[in-house]
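Listing of query08.csv; format and content: CSV, C-alpha atoms.
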chain,number,residue,atom,x,y,z
A,1,MET,CA,29.3,58.3,50.5
A,2,SER,CA,29.7,56.4,53.7
A,3,SER,CA,32.2,53.4,54.0
A,4,TRP,CA,29.2,51.1,54.3
A,5,SER,CA,27.7,52.4,51.1
A,6,ASN,CA,31.1,52.0,49.4
A,7,GLN,CA,31.2,48.4,50.6
A,8,ILE,CA,27.8,47.7,49.1
A,9,VAL,CA,28.9,49.3,45.8
A,10,ARG,CA,32.0,47.1,45.7
A,11,VAL,CA,29.9,44.0,46.4
A,12,PHE,CA,27.4,45.1,43.7
A,13,ILE,CA,30.2,45.4,41.1
A,14,ALA,CA,31.7,42.1,42.1
A,15,PHE,CA,28.4,40.4,41.7
A,16,VAL,CA,27.7,41.9,38.3
A,17,LEU,CA,31.3,41.1,37.1
A,18,SER,CA,30.9,37.5,38.2
A,19,ALA,CA,27.6,37.2,36.2
A,20,VAL,CA,29.1,38.6,33.0
A,21,ALA,CA,32.6,37.1,33.3
A,22,PRO,CA,32.1,34.5,30.5
A,23,ALA,CA,30.9,37.2,28.1
A,24,ILE,CA,34.0,39.4,28.6
A,25,GLY,CA,36.5,36.6,28.3
A,26,MET,CA,37.4,35.8,31.9
A,27,PRO,CA,38.8,32.3,32.3
A,28,ILE,CA,36.1,29.8,33.3
A,29,GLU,CA,38.0,28.7,36.4
A,30,SER,CA,38.3,32.2,37.7
A,31,ALA,CA,34.6,32.9,36.9
A,32,ALA,CA,33.6,29.8,38.9
A,33,GLN,CA,35.6,30.8,41.9
A,34,ASN,CA,34.5,34.4,41.9
A,35,SER,CA,30.8,33.6,41.3
A,36,SER,CA,30.2,31.6,44.4
A,37,ALA,CA,32.1,34.0,46.6
A,38,ALA,CA,30.4,37.1,45.1
A,39,THR,CA,26.9,35.5,45.4
A,40,LEU,CA,27.5,34.8,49.1
A,41,THR,CA,28.7,38.4,49.7
A,42,PHE,CA,25.9,39.8,47.7
A,43,ARG,CA,23.4,37.7,49.7
A,44,GLN,CA,24.8,39.2,52.9
A,45,ALA,CA,24.5,42.7,51.4
A,46,MET,CA,20.8,42.0,50.6
A,47,LEU,CA,20.2,40.8,54.2
A,48,ALA,CA,21.8,44.0,55.5
A,49,ALA,CA,19.6,46.1,53.1
A,50,GLU,CA,16.5,44.2,54.3
A,51,ASP,CA,17.4,44.8,57.9
A,52,SER,CA,17.8,48.5,57.3
A,53,ARG,CA,14.6,48.6,55.3
A,54,ALA,CA,16.6,50.0,52.4
A,55,ALA,CA,17.3,53.2,54.2
A,56,ASP,CA,19.5,54.5,51.3
A,57,PRO,CA,19.4,54.4,47.5
A,58,VAL,CA,22.3,51.9,47.3
A,59,SER,CA,20.5,49.4,49.5
A,60,LEU,CA,17.3,49.7,47.4
A,61,ALA,CA,19.4,49.2,44.3
A,62,THR,CA,20.9,46.1,45.8
A,63,LEU,CA,17.4,44.6,46.4
A,64,LEU,CA,16.2,45.6,42.9
A,65,THR,CA,19.2,43.9,41.4
A,66,GLY,CA,18.6,40.8,43.5
A,67,ILE,CA,15.1,40.2,42.1
A,68,GLU,CA,16.7,40.1,38.6
A,69,SER,CA,19.1,37.4,39.6
A,70,PRO,CA,18.9,33.9,38.1
A,71,ASN,CA,19.6,32.5,41.5
A,72,GLU,CA,16.4,31.3,43.2
A,73,GLU,CA,17.5,32.0,46.8
A,74,ILE,CA,18.7,35.5,45.8
A,75,GLN,CA,15.4,36.2,44.2
A,76,GLN,CA,13.5,35.0,47.3
A,77,ILE,CA,15.5,37.2,49.7
A,78,ALA,CA,15.3,40.2,47.5
A,79,VAL,CA,11.5,40.1,46.9
A,80,ARG,CA,10.8,39.3,50.5
A,81,ALA,CA,12.9,42.4,51.5
A,82,LEU,CA,11.1,44.6,49.0
A,83,GLY,CA,7.7,43.5,50.4
A,84,ARG,CA,8.7,44.4,53.9
A,85,LEU,CA,9.4,48.0,52.8
A,86,GLU,CA,5.6,48.4,52.2
A,87,ARG,CA,6.3,50.8,49.4
A,88,PHE,CA,3.7,51.0,46.6
A,89,ASN,CA,6.2,52.3,44.1
A,90,VAL,CA,8.0,49.0,44.0
A,91,SER,CA,4.9,46.9,43.4
A,92,ASP,CA,5.4,46.7,39.7
A,93,ARG,CA,8.9,45.3,40.1
A,94,ILE,CA,7.7,42.8,42.7
A,95,ALA,CA,4.8,41.7,40.4
A,96,ARG,CA,7.2,40.6,37.7
A,97,LEU,CA,8.1,37.6,39.9
A,98,LEU,CA,4.6,36.3,39.8
A,99,GLU,CA,5.7,34.7,36.6
A,100,ALA,CA,8.9,33.3,38.1
A,101,ASP,CA,9.9,29.7,37.2
A,102,GLN,CA,10.1,28.5,40.7
A,103,PRO,CA,7.0,28.1,42.9
A,104,ALA,CA,9.0,29.2,46.0
A,105,VAL,CA,9.8,32.5,44.3
A,106,ARG,CA,6.2,33.0,43.2
A,107,ARG,CA,5.0,32.4,46.8
A,108,GLU,CA,7.3,35.0,48.2
A,109,ALA,CA,6.4,37.4,45.4
A,110,VAL,CA,2.7,37.1,46.1
A,111,ASN,CA,3.2,37.8,49.8
A,112,ALA,CA,5.6,40.7,49.1
A,113,LEU,CA,3.1,42.2,46.7
A,114,GLY,CA,0.4,42.1,49.3
A,115,GLN,CA,2.7,43.9,51.7
A,116,SER,CA,3.7,46.6,49.2
A,117,LEU,CA,0.0,47.4,48.6
A,118,GLN,CA,-0.8,48.1,52.3
A,119,ARG,CA,-0.2,51.8,52.3
A,120,GLY,CA,-2.4,53.2,49.5
A,121,GLY,CA,-2.4,53.4,45.8
A,122,ASP,CA,-4.8,52.1,43.1
A,123,LEU,CA,-5.3,48.4,43.8
A,124,SER,CA,-7.5,47.5,40.8
A,125,ASP,CA,-4.8,46.3,38.4
A,126,TYR,CA,-3.1,44.2,41.1
A,127,VAL,CA,-6.3,42.7,42.4
A,128,SER,CA,-7.1,41.6,38.8
A,129,MET,CA,-3.6,40.3,38.4
A,130,LEU,CA,-3.9,38.2,41.6
A,131,LEU,CA,-7.4,36.9,40.7
A,132,ALA,CA,-6.1,35.8,37.4
A,133,ARG,CA,-3.1,34.1,39.0
A,134,LEU,CA,-5.5,32.4,41.5
A,135,GLU,CA,-7.4,30.8,38.5
A,136,ASN,CA,-4.3,29.9,36.4
A,137,GLU,CA,-1.6,29.1,38.9
A,138,ARG,CA,-0.4,25.5,38.7
A,139,ASP,CA,1.0,25.1,42.2
A,140,PRO,CA,-1.6,24.7,45.1
A,141,GLU,CA,0.8,26.2,47.6
A,142,VAL,CA,1.1,29.4,45.6
A,143,ARG,CA,-2.7,29.5,45.1
A,144,GLY,CA,-3.2,29.3,48.8
A,145,VAL,CA,-0.9,32.3,49.4
A,146,ILE,CA,-2.7,34.2,46.7
A,147,ALA,CA,-6.0,33.6,48.3
A,148,GLU,CA,-4.8,34.7,51.8
A,149,THR,CA,-3.1,37.8,50.3
A,150,LEU,CA,-6.3,38.8,48.5
A,151,GLY,CA,-8.1,38.8,51.9
A,152,ARG,CA,-5.7,41.2,53.6
A,153,LEU,CA,-5.6,44.0,51.0
A,154,PRO,CA,-6.8,47.5,52.1
A,155,TYR,CA,-9.9,47.7,49.8
A,156,LEU,CA,-11.5,51.1,49.3
A,157,ASP,CA,-14.1,49.8,46.8
A,158,SER,CA,-16.9,47.7,48.5
A,159,GLN,CA,-17.8,46.1,45.2
A,160,THR,CA,-14.3,44.8,44.6
A,161,LEU,CA,-14.2,43.5,48.2
A,162,GLN,CA,-17.5,41.7,47.7
A,163,ARG,CA,-16.3,40.2,44.5
A,164,VAL,CA,-13.1,38.9,46.1
A,165,GLU,CA,-15.1,37.6,49.1
A,166,LEU,CA,-17.4,35.6,46.7
A,167,ILE,CA,-14.4,34.1,44.8
A,168,LEU,CA,-12.6,33.2,48.0
A,169,GLY,CA,-15.7,31.5,49.3
A,170,SER,CA,-15.8,29.3,46.3
A,171,PHE,CA,-12.4,27.9,47.2
A,172,THR,CA,-13.2,27.0,50.8
A,173,SER,CA,-14.3,23.6,49.6
A,174,SER,CA,-11.2,22.9,47.5
A,175,VAL,CA,-9.8,19.4,47.7
A,176,GLU,CA,-6.4,20.9,48.0
A,177,PRO,CA,-5.6,21.6,51.7
A,178,ALA,CA,-3.3,24.5,50.9
A,179,ILE,CA,-5.9,26.3,48.7
A,180,ARG,CA,-8.7,25.7,51.2
A,181,LEU,CA,-6.6,27.0,54.1
A,182,GLY,CA,-5.6,30.1,52.0
A,183,ALA,CA,-9.2,30.9,51.1
A,184,VAL,CA,-10.4,30.5,54.7
A,185,GLY,CA,-7.5,32.6,55.9
A,186,GLY,CA,-8.3,35.3,53.4
A,187,LEU,CA,-12.0,35.4,54.5
A,188,GLU,CA,-10.9,35.6,58.2
A,189,ALA,CA,-8.8,38.6,57.3
A,190,ILE,CA,-11.7,40.3,55.5
A,191,ALA,CA,-14.0,39.6,58.4
A,192,ARG,CA,-11.4,41.0,60.9
A,193,LEU,CA,-10.3,44.0,58.9
A,194,ARG,CA,-13.5,45.0,57.2
A,195,GLY,CA,-16.3,43.5,59.2
A,196,ASP,CA,-17.6,46.7,60.6
A,197,GLN,CA,-17.9,48.3,57.2
A,198,THR,CA,-18.8,45.3,55.0
A,199,PRO,CA,-20.3,42.3,56.9
A,200,LEU,CA,-19.8,38.9,55.4
A,201,ALA,CA,-22.5,37.7,53.1
A,202,ALA,CA,-24.8,34.9,54.2
A,203,GLN,CA,-23.3,32.6,51.6
A,204,THR,CA,-19.8,33.2,52.9
A,205,ILE,CA,-21.0,32.4,56.5
A,206,ALA,CA,-22.4,29.1,55.3
A,207,GLN,CA,-19.2,28.3,53.5
A,208,LEU,CA,-17.2,29.1,56.7
A,209,ARG,CA,-19.4,26.9,58.8
A,210,ALA,CA,-18.8,24.1,56.3
A,211,ALA,CA,-15.1,24.7,56.4
A,212,LEU,CA,-15.3,24.3,60.2
A,213,THR,CA,-16.1,20.6,59.6
A,214,THR,CA,-12.7,20.0,57.9
A,215,SER,CA,-11.4,16.7,59.3
A,216,GLY,CA,-7.9,15.8,60.2
A,217,SER,CA,-5.3,16.6,62.9
A,218,ASP,CA,-2.5,17.9,60.6
A,219,GLU,CA,-1.5,21.5,61.0
A,220,ARG,CA,-3.4,22.7,57.9
A,221,ALA,CA,-6.6,21.1,58.9
A,222,LEU,CA,-6.3,22.6,62.4
A,223,ARG,CA,-5.6,26.0,61.1
A,224,THR,CA,-8.5,25.8,58.7
A,225,ARG,CA,-10.9,25.1,61.5
A,226,ARG,CA,-9.4,27.8,63.7
A,227,LEU,CA,-9.5,30.5,61.1
A,228,ALA,CA,-13.1,29.5,60.0
A,229,LEU,CA,-14.3,29.8,63.6
A,230,ALA,CA,-12.3,33.0,64.2
A,231,ALA,CA,-14.0,34.6,61.1
A,232,LEU,CA,-17.4,33.5,62.4
A,233,ASN,CA,-16.6,34.9,65.8
A,234,VAL,CA,-15.5,38.3,64.6
A,235,SER,CA,-18.6,38.6,62.3
A,236,GLY,CA,-20.9,37.5,65.1
A,237,SER,CA,-22.1,34.5,63.1
A,238,ALA,CA,-21.2,31.6,65.4
A,239,SER,CA,-24.4,29.6,66.0
A,240,VAL,CA,-25.3,27.3,68.8
A,241,GLU,CA,-24.7,24.3,66.5
A,242,THR,CA,-21.3,25.7,65.4
A,243,ILE,CA,-20.1,26.3,69.0
A,244,THR,CA,-21.4,23.0,70.3
A,245,ALA,CA,-19.5,21.1,67.6
A,246,ALA,CA,-16.4,23.2,68.1
A,247,LEU,CA,-16.4,22.5,71.9
A,248,ASP,CA,-16.0,18.8,71.0
A,249,ASP,CA,-13.1,19.4,68.7
A,250,SER,CA,-9.9,17.5,69.3
A,251,ASP,CA,-7.9,20.8,69.0
A,252,ALA,CA,-7.7,22.9,72.2
A,253,GLN,CA,-7.3,26.2,70.2
A,254,THR,CA,-10.5,25.5,68.3
A,255,ARG,CA,-12.3,24.8,71.6
A,256,ARG,CA,-10.9,28.1,73.0
A,257,LEU,CA,-12.2,30.0,70.1
A,258,ALA,CA,-15.6,28.3,70.6
A,259,THR,CA,-15.5,29.5,74.2
A,260,LEU,CA,-14.7,33.1,73.0
A,261,ALA,CA,-17.9,32.9,71.0
A,262,LEU,CA,-19.8,32.2,74.2
A,263,LEU,CA,-18.5,35.5,75.5
A,264,ASN,CA,-19.2,37.6,72.4
A,265,ALA,CA,-22.2,36.2,70.5
A,266,ASP,CA,-25.4,38.1,71.0
A,267,ASP,CA,-28.7,36.4,72.0
A,268,LEU,CA,-27.2,32.9,72.1
A,269,PRO,CA,-29.5,30.2,73.4
A,270,GLU,CA,-28.1,27.6,75.7
A,271,ARG,CA,-25.2,29.9,76.5
A,272,GLN,CA,-25.0,28.9,80.1
A,273,VAL,CA,-25.1,25.2,79.4
A,274,LEU,CA,-22.2,25.6,77.0
A,275,ILE,CA,-20.3,27.7,79.4
A,276,ALA,CA,-20.7,25.0,82.1
A,277,LYS,CA,-19.3,22.5,79.6
A,278,ALA,CA,-16.3,24.6,78.8
A,279,LEU,CA,-15.6,25.1,82.5
A,280,THR,CA,-14.8,21.3,82.6
A,281,ASP,CA,-12.6,21.3,79.5
A,282,ARG,CA,-9.3,19.4,79.8
A,283,SER,CA,-7.3,22.4,78.5
A,284,ALA,CA,-6.6,25.2,81.0
A,285,MET,CA,-6.8,27.9,78.3
A,286,VAL,CA,-10.3,26.8,77.5
A,287,ARG,CA,-11.3,26.8,81.2
A,288,LEU,CA,-9.8,30.3,81.6
A,289,GLU,CA,-11.9,31.7,78.7
A,290,ALA,CA,-14.9,29.9,80.1
A,291,LEU,CA,-14.5,31.7,83.4
A,292,VAL,CA,-14.3,35.0,81.5
A,293,ALA,CA,-17.6,34.1,79.7
A,294,TYR,CA,-19.1,33.0,83.1
A,295,GLY,CA,-18.2,36.4,84.6
A,296,GLU,CA,-20.2,38.1,81.8
A,297,HIS,CA,-23.1,35.7,81.3
A,298,GLY,CA,-23.2,33.0,83.9
A,299,ARG,CA,-24.4,34.7,87.1
A,300,LEU,CA,-27.7,32.8,87.1
A,301,MET,CA,-25.7,29.7,87.6
A,302,GLY,CA,-24.6,30.8,91.0
A,303,CYS,CA,-21.0,30.9,92.4
A,304,THR,CA,-20.4,27.2,92.9
A,305,PRO,CA,-18.5,26.8,89.6
A,306,ILE,CA,-16.3,29.7,90.5
A,307,VAL,CA,-15.5,28.3,93.9
A,308,ASP,CA,-14.7,25.0,92.3
A,309,ALA,CA,-12.3,26.8,89.8
A,310,VAL,CA,-10.3,28.3,92.7
A,311,GLY,CA,-8.9,24.8,93.3
A,312,ASP,CA,-7.9,24.4,89.6
A,313,GLN,CA,-4.4,23.1,89.1
A,314,ASN,CA,-3.6,25.8,86.7
A,315,LEU,CA,-2.6,29.0,88.5
A,316,HIS,CA,-4.1,31.4,85.9
A,317,VAL,CA,-7.5,29.7,86.1
A,318,ALA,CA,-7.4,29.7,89.9
A,319,LEU,CA,-6.5,33.4,90.1
A,320,ARG,CA,-9.2,34.4,87.7
A,321,ALA,CA,-11.7,32.5,89.8
A,322,LEU,CA,-10.6,34.3,92.9
A,323,ASP,CA,-11.0,37.6,91.2
A,324,LEU,CA,-14.5,36.7,90.0
A,325,LEU,CA,-15.5,35.9,93.6
A,326,GLY,CA,-15.1,39.5,94.4
A,327,GLU,CA,-16.8,40.8,91.3
A,328,ASP,CA,-19.9,38.6,90.7
A,329,CYS,CA,-20.7,36.7,93.9
A,330,PRO,CA,-22.8,37.8,96.8
A,331,THR,CA,-21.2,38.5,100.1
A,332,ALA,CA,-22.3,35.2,101.6
A,333,PRO,CA,-20.6,34.3,104.9
A,334,SER,CA,-19.4,31.0,103.5
A,335,ILE,CA,-17.7,32.6,100.5
A,336,THR,CA,-16.2,35.4,102.6
A,337,SER,CA,-14.7,32.8,105.0
A,338,PHE,CA,-13.5,30.7,102.1
A,339,VAL,CA,-11.6,33.7,100.6
A,340,ALA,CA,-10.3,34.8,104.0
A,341,SER,CA,-8.8,31.3,104.6
A,342,ILE,CA,-6.8,31.6,101.4
A,343,ALA,CA,-5.7,35.1,102.1
A,344,GLY,CA,-4.7,34.1,105.6
A,345,GLY,CA,-2.5,31.3,104.3
A,346,LEU,CA,0.2,33.7,103.2
A,347,ASN,CA,3.7,32.8,104.4
A,348,SER,CA,7.2,34.2,103.7
A,349,ASP,CA,8.4,31.5,101.3
A,350,GLY,CA,5.4,29.7,99.7
A,351,ASP,CA,3.0,30.5,96.9
A,352,TRP,CA,1.9,34.1,97.4
A,353,HIS,CA,-0.2,34.5,94.2
A,354,ARG,CA,-3.4,32.9,95.6
A,355,PRO,CA,-3.3,34.7,99.0
A,356,ALA,CA,-2.5,38.1,97.3
A,357,HIS,CA,-5.5,37.8,94.9
A,358,ALA,CA,-7.7,36.5,97.8
A,359,LEU,CA,-6.8,39.6,99.8
A,360,VAL,CA,-8.0,42.0,97.1
A,361,THR,CA,-11.2,39.9,96.7
A,362,LEU,CA,-11.7,39.9,100.5
A,363,ALA,CA,-11.5,43.6,100.6
A,364,GLN,CA,-14.5,43.7,98.2
A,365,LEU,CA,-16.4,41.2,100.3
A,366,ASN,CA,-15.6,42.3,103.8
A,367,GLN,CA,-13.4,45.3,104.4
A,368,ASN,CA,-12.9,44.7,108.2
A,369,ARG,CA,-11.6,41.2,107.7
A,370,ALA,CA,-9.3,42.3,104.9
A,371,ALA,CA,-7.9,45.1,107.0
A,372,GLY,CA,-6.8,42.7,109.7
A,373,LEU,CA,-4.6,40.9,107.2
A,374,VAL,CA,-3.1,43.9,105.4
A,375,PRO,CA,-0.1,44.3,107.8
A,376,ARG,CA,1.1,40.8,106.9
A,377,PHE,CA,1.1,41.7,103.2
A,378,VAL,CA,2.7,45.2,103.4
A,379,GLU,CA,5.6,43.8,105.5
A,380,HIS,CA,6.2,40.8,103.2
A,381,PRO,CA,9.7,40.4,101.8
A,382,VAL,CA,8.4,39.9,98.2
A,383,TRP,CA,7.6,43.3,96.7
A,384,GLN,CA,4.7,42.1,94.6
A,385,VAL,CA,3.0,40.9,97.8
A,386,ARG,CA,3.5,44.4,99.3
A,387,MET,CA,1.9,45.9,96.2
A,388,TYR,CA,-1.2,43.8,96.6
A,389,GLY,CA,-1.3,44.9,100.2
A,390,VAL,CA,-1.4,48.5,99.1
A,391,ARG,CA,-4.1,47.7,96.6
Could you render the structure as structure tokens?
Amino acid sequence: MSSWSNQIVRVFIAFVLSAVAPAIGMPIESAAQNSSAATLTFRQAMLAAEDSRAADPVSLATLLTGIESPNEEIQQIAVRALGRLERFNVSDRIARLLEADQPAVRREAVNALGQSLQRGGDLSDYVSMLLARLENERDPEVRGVIAETLGRLPYLDSQTLQRVELILGSFTSSVEPAIRLGAVGGLEAIARLRGDQTPLAAQTIAQLRAALTTSGSDERALRTRRLALAALNVSGSASVETITAALDDSDAQTRRLATLALLNADDLPERQVLIAKALTDRSAMVRLEALVAYGEHGRLMGCTPIVDAVGDQNLHVALRALDLLGEDCPTAPSITSFVASIAGGLNSDGDWHRPAHALVTLAQLNQNRAAGLVPRFVEHPVWQVRMYGVR
């Protein structure tokens, strides 16, 4: 046995002795001193076992001992570590903590159980167990974690999956923010992981659209709206009304997800009008996604919006616009001259990103004009500029 394994064994023995000291007649003062020190040392041993993913039997034994501890923190660390192993054969041991006294331990146990079930095995008993806990659990935070966990299990039985989907959908209108968020998060996971095999039911889509109207600017309300829209996006169920409302949301991430829907949704009326709106959004990440959608669906609107975006204060937006000028715009003399002027603005110590992207675009619009500028790029002191010159 290695010296590290010997150390864990010694820690394990010290922890057990500290727990049973009163029963074997150890003085109370000594037991109190040894208990806190042994608990701290045992905690460190569990963290080491977690970090190594219980690579040896002693480490696994350490974690299995930890979940039996009366110490709440020790239980949380141990069950979290067991979940990260993603081993089906420890699921029963983890499941015992679903009945733990402390809500924090039950939350960690639910999440760990979901992780342990990711790599195969018969899920039926555990799904029934989690559904029962979802109905009977007292703490809304724990119920939210249960709902989210149910959504990310690797179901092989479509009937069980549909049953879970139906139950989660009924919780999307819960008055408890934690439960509502967990249910929407679970449905988003189902849509993302299983959408191709089992599309969301019409009732579920209606419930997600209703969840998208969740008011508030606190983190839970924001995440509920984001996850609801993400689920609609991945299932191809974002309607014009949904996208229009989301583009007016106060949350930039929700507006970004609405813009992604403009890219991916099929047969979407008013797509170009909504893209034009997103192009003027106050958030750069929304404008960037709008440009991507424009490149796919906005050609009938001409190139003026792209030319305007070249002057965007955000560098990522400006560079994407420059790239699009070479991909989707006609070789009009005015556009060619505009791009050539940006490429020709290269100097040795200023911003090189715009000129470099402009050179590549110019090569697509007018090879002769680009060729005349290439020597300035391939001789530039910055290697990235020389790379663009080679391109």
### Message
as JSON, numbers by chain, please: the residues near Leu362 of chain A (cut-off 8 Å, all atoms listed in the file, same-chain neighbours under 3 positions excluded).
### Response
{"A": [326, 336, 339, 340, 343, 358, 359, 365, 366, 367, 369, 370]}
### Task
Go ahead and compute the interatomic distance for atom CA of Ala261 of chain A and atom CA of Asp281 of chain A, in Å to one decimal.
15.3 Å
For a quick check of your reading of the model, name the residues lying within 9 Å of the coordinate (-8.7, 38.7, 58.3), counting all atoms listed in the file, and write them as a PDB file with C-alpha atoms, in the frame of the given file.
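New file point.pdb:
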ATOM      1  CA  GLU A 148      -4.800  34.700  51.800  1.00  0.00           C
ATOM      2  CA  GLY A 151      -8.100  38.800  51.900  1.00  0.00           C
ATOM      3  CA  ARG A 152      -5.700  41.200  53.600  1.00  0.00           C
ATOM      4  CA  GLY A 185      -7.500  32.600  55.900  1.00  0.00           C
ATOM      5  CA  GLY A 186      -8.300  35.300  53.400  1.00  0.00           C
ATOM      6  CA  LEU A 187     -12.000  35.400  54.500  1.00  0.00           C
ATOM      7  CA  GLU A 188     -10.900  35.600  58.200  1.00  0.00           C
ATOM      8  CA  ALA A 189      -8.800  38.600  57.300  1.00  0.00           C
ATOM      9  CA  ILE A 190     -11.700  40.300  55.500  1.00  0.00           C
ATOM     10  CA  ALA A 191     -14.000  39.600  58.400  1.00  0.00           C
ATOM     11  CA  ARG A 192     -11.400  41.000  60.900  1.00  0.00           C
ATOM     12  CA  LEU A 193     -10.300  44.000  58.900  1.00  0.00           C
ATOM     13  CA  ARG A 194     -13.500  45.000  57.200  1.00  0.00           C
ATOM     14  CA  LEU A 227      -9.500  30.500  61.100  1.00  0.00           C
ATOM     15  CA  ALA A 230     -12.300  33.000  64.200  1.00  0.00           C
ATOM     16  CA  ALA A 231     -14.000  34.600  61.100  1.00  0.00           C
TER      17      ALA A 231
END
### Task
Just the residues within 12 Å of Pro269 of chain A, please, counting all atoms listed in the file, with nothing from its chain fewer than 6 positions along; format it as number ranges by chain.
A: 238-241, 243-244, 262, 275, 297
### Query
If you count all atoms listed in the file, which residues fall within 10 Å of Glu73 of chain A, apart from same-chain ones fewer than 4 positions away, as an NGL selection string?
:A and (43 or 66-67 or 69 or 77-78 or 104-105)
### Query
So, counting only C-alpha atoms, which residue among A:Val110, A:Ala211, A:Leu117, A:Ala132 is closest to Thr149 of chain A?
A:Val110
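Taking atom CA of Arg87 of chain A and atom CA of Arg119 of chain A as endpoints, the distance between them is 7.2 Å.
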### Message
Counting all atoms listed in the file, which residues sit no farther than 10 Å from the position (-13.1, 28.2, 75.6) in the file's frame? I'd like them as JSON, numbers by chain.
### Response
{"A": [243, 246, 247, 252, 253, 254, 255, 256, 257, 258, 259, 260, 261, 262, 263, 274, 275, 277, 278, 279, 280, 281, 283, 284, 285, 286, 287, 288, 289, 290, 291, 292, 293]}
### Message
Nearest residue to Pro70 of chain A out of A:Thr39, A:Gln203, A:Ser91, A:Ser124, using all atoms listed in the file?
### Response
A:Thr39
### Task
For Pro140 of chain A, please output as a list in words all residues within 7 Å (counting all atoms listed in the file; exclusion window: fewer than 3 positions along the same chain).
Arg143, Gly144, Glu176, Ala178 and Ile179 of chain A
### Task
Give the answer as one residue: which of A:Ser158, A:Gln102, A:Gln313, A:Ser217 has the shortest atom-to-atom distance to Gln75 of chain A, using all atoms listed in the file?
A:Gln102
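Of the listed residues A:Arg223, A:Asp101, A:Gly121, A:Trp383, the one whose atoms come nearest to Asp139 of chain A is A:Asp101, with distances taken using only C-alpha atoms.
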### Distance of atom CA of Leu325 of chain A from atom CA of Val307 of chain A, expressed in Å to one decimal place
7.6 Å
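Nearest to Glu50 of chain A of all the residues A:Leu82, A:Ala38, A:Leu131, A:Ile74 is A:Leu82, counting all atoms listed in the file.
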Show which residues sit within 12 Å of Asn89 of chain A, as a compact mmCIF listing (two decimals) with C-alpha atoms, keeping the file's coordinate frame. Count all atoms listed in the file, and ignore same-chain residues fewer than 4 positions away.
# COMPACT_ATOMS: atom_id res chain seq x y z
CA LEU A 60 17.30 49.70 47.40
CA LEU A 82 11.10 44.60 49.00
CA GLY A 83 7.70 43.50 50.40
CA LEU A 85 9.40 48.00 52.80
CA ARG A 93 8.90 45.30 40.10
CA ILE A 94 7.70 42.80 42.70
CA ALA A 95 4.80 41.70 40.40
CA LEU A 113 3.10 42.20 46.70
CA GLN A 115 2.70 43.90 51.70
CA SER A 116 3.70 46.60 49.20
CA LEU A 117 0.00 47.40 48.60
CA GLN A 118 -0.80 48.10 52.30
CA ARG A 119 -0.20 51.80 52.30
CA GLY A 120 -2.40 53.20 49.50
CA GLY A 121 -2.40 53.40 45.80
CA ASP A 122 -4.80 52.10 43.10
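Nearest residue to Trp352 of chain A among A:Ala210, A:Ala265, A:Ala276, A:Met387 is A:Met387, counting all atoms listed in the file.
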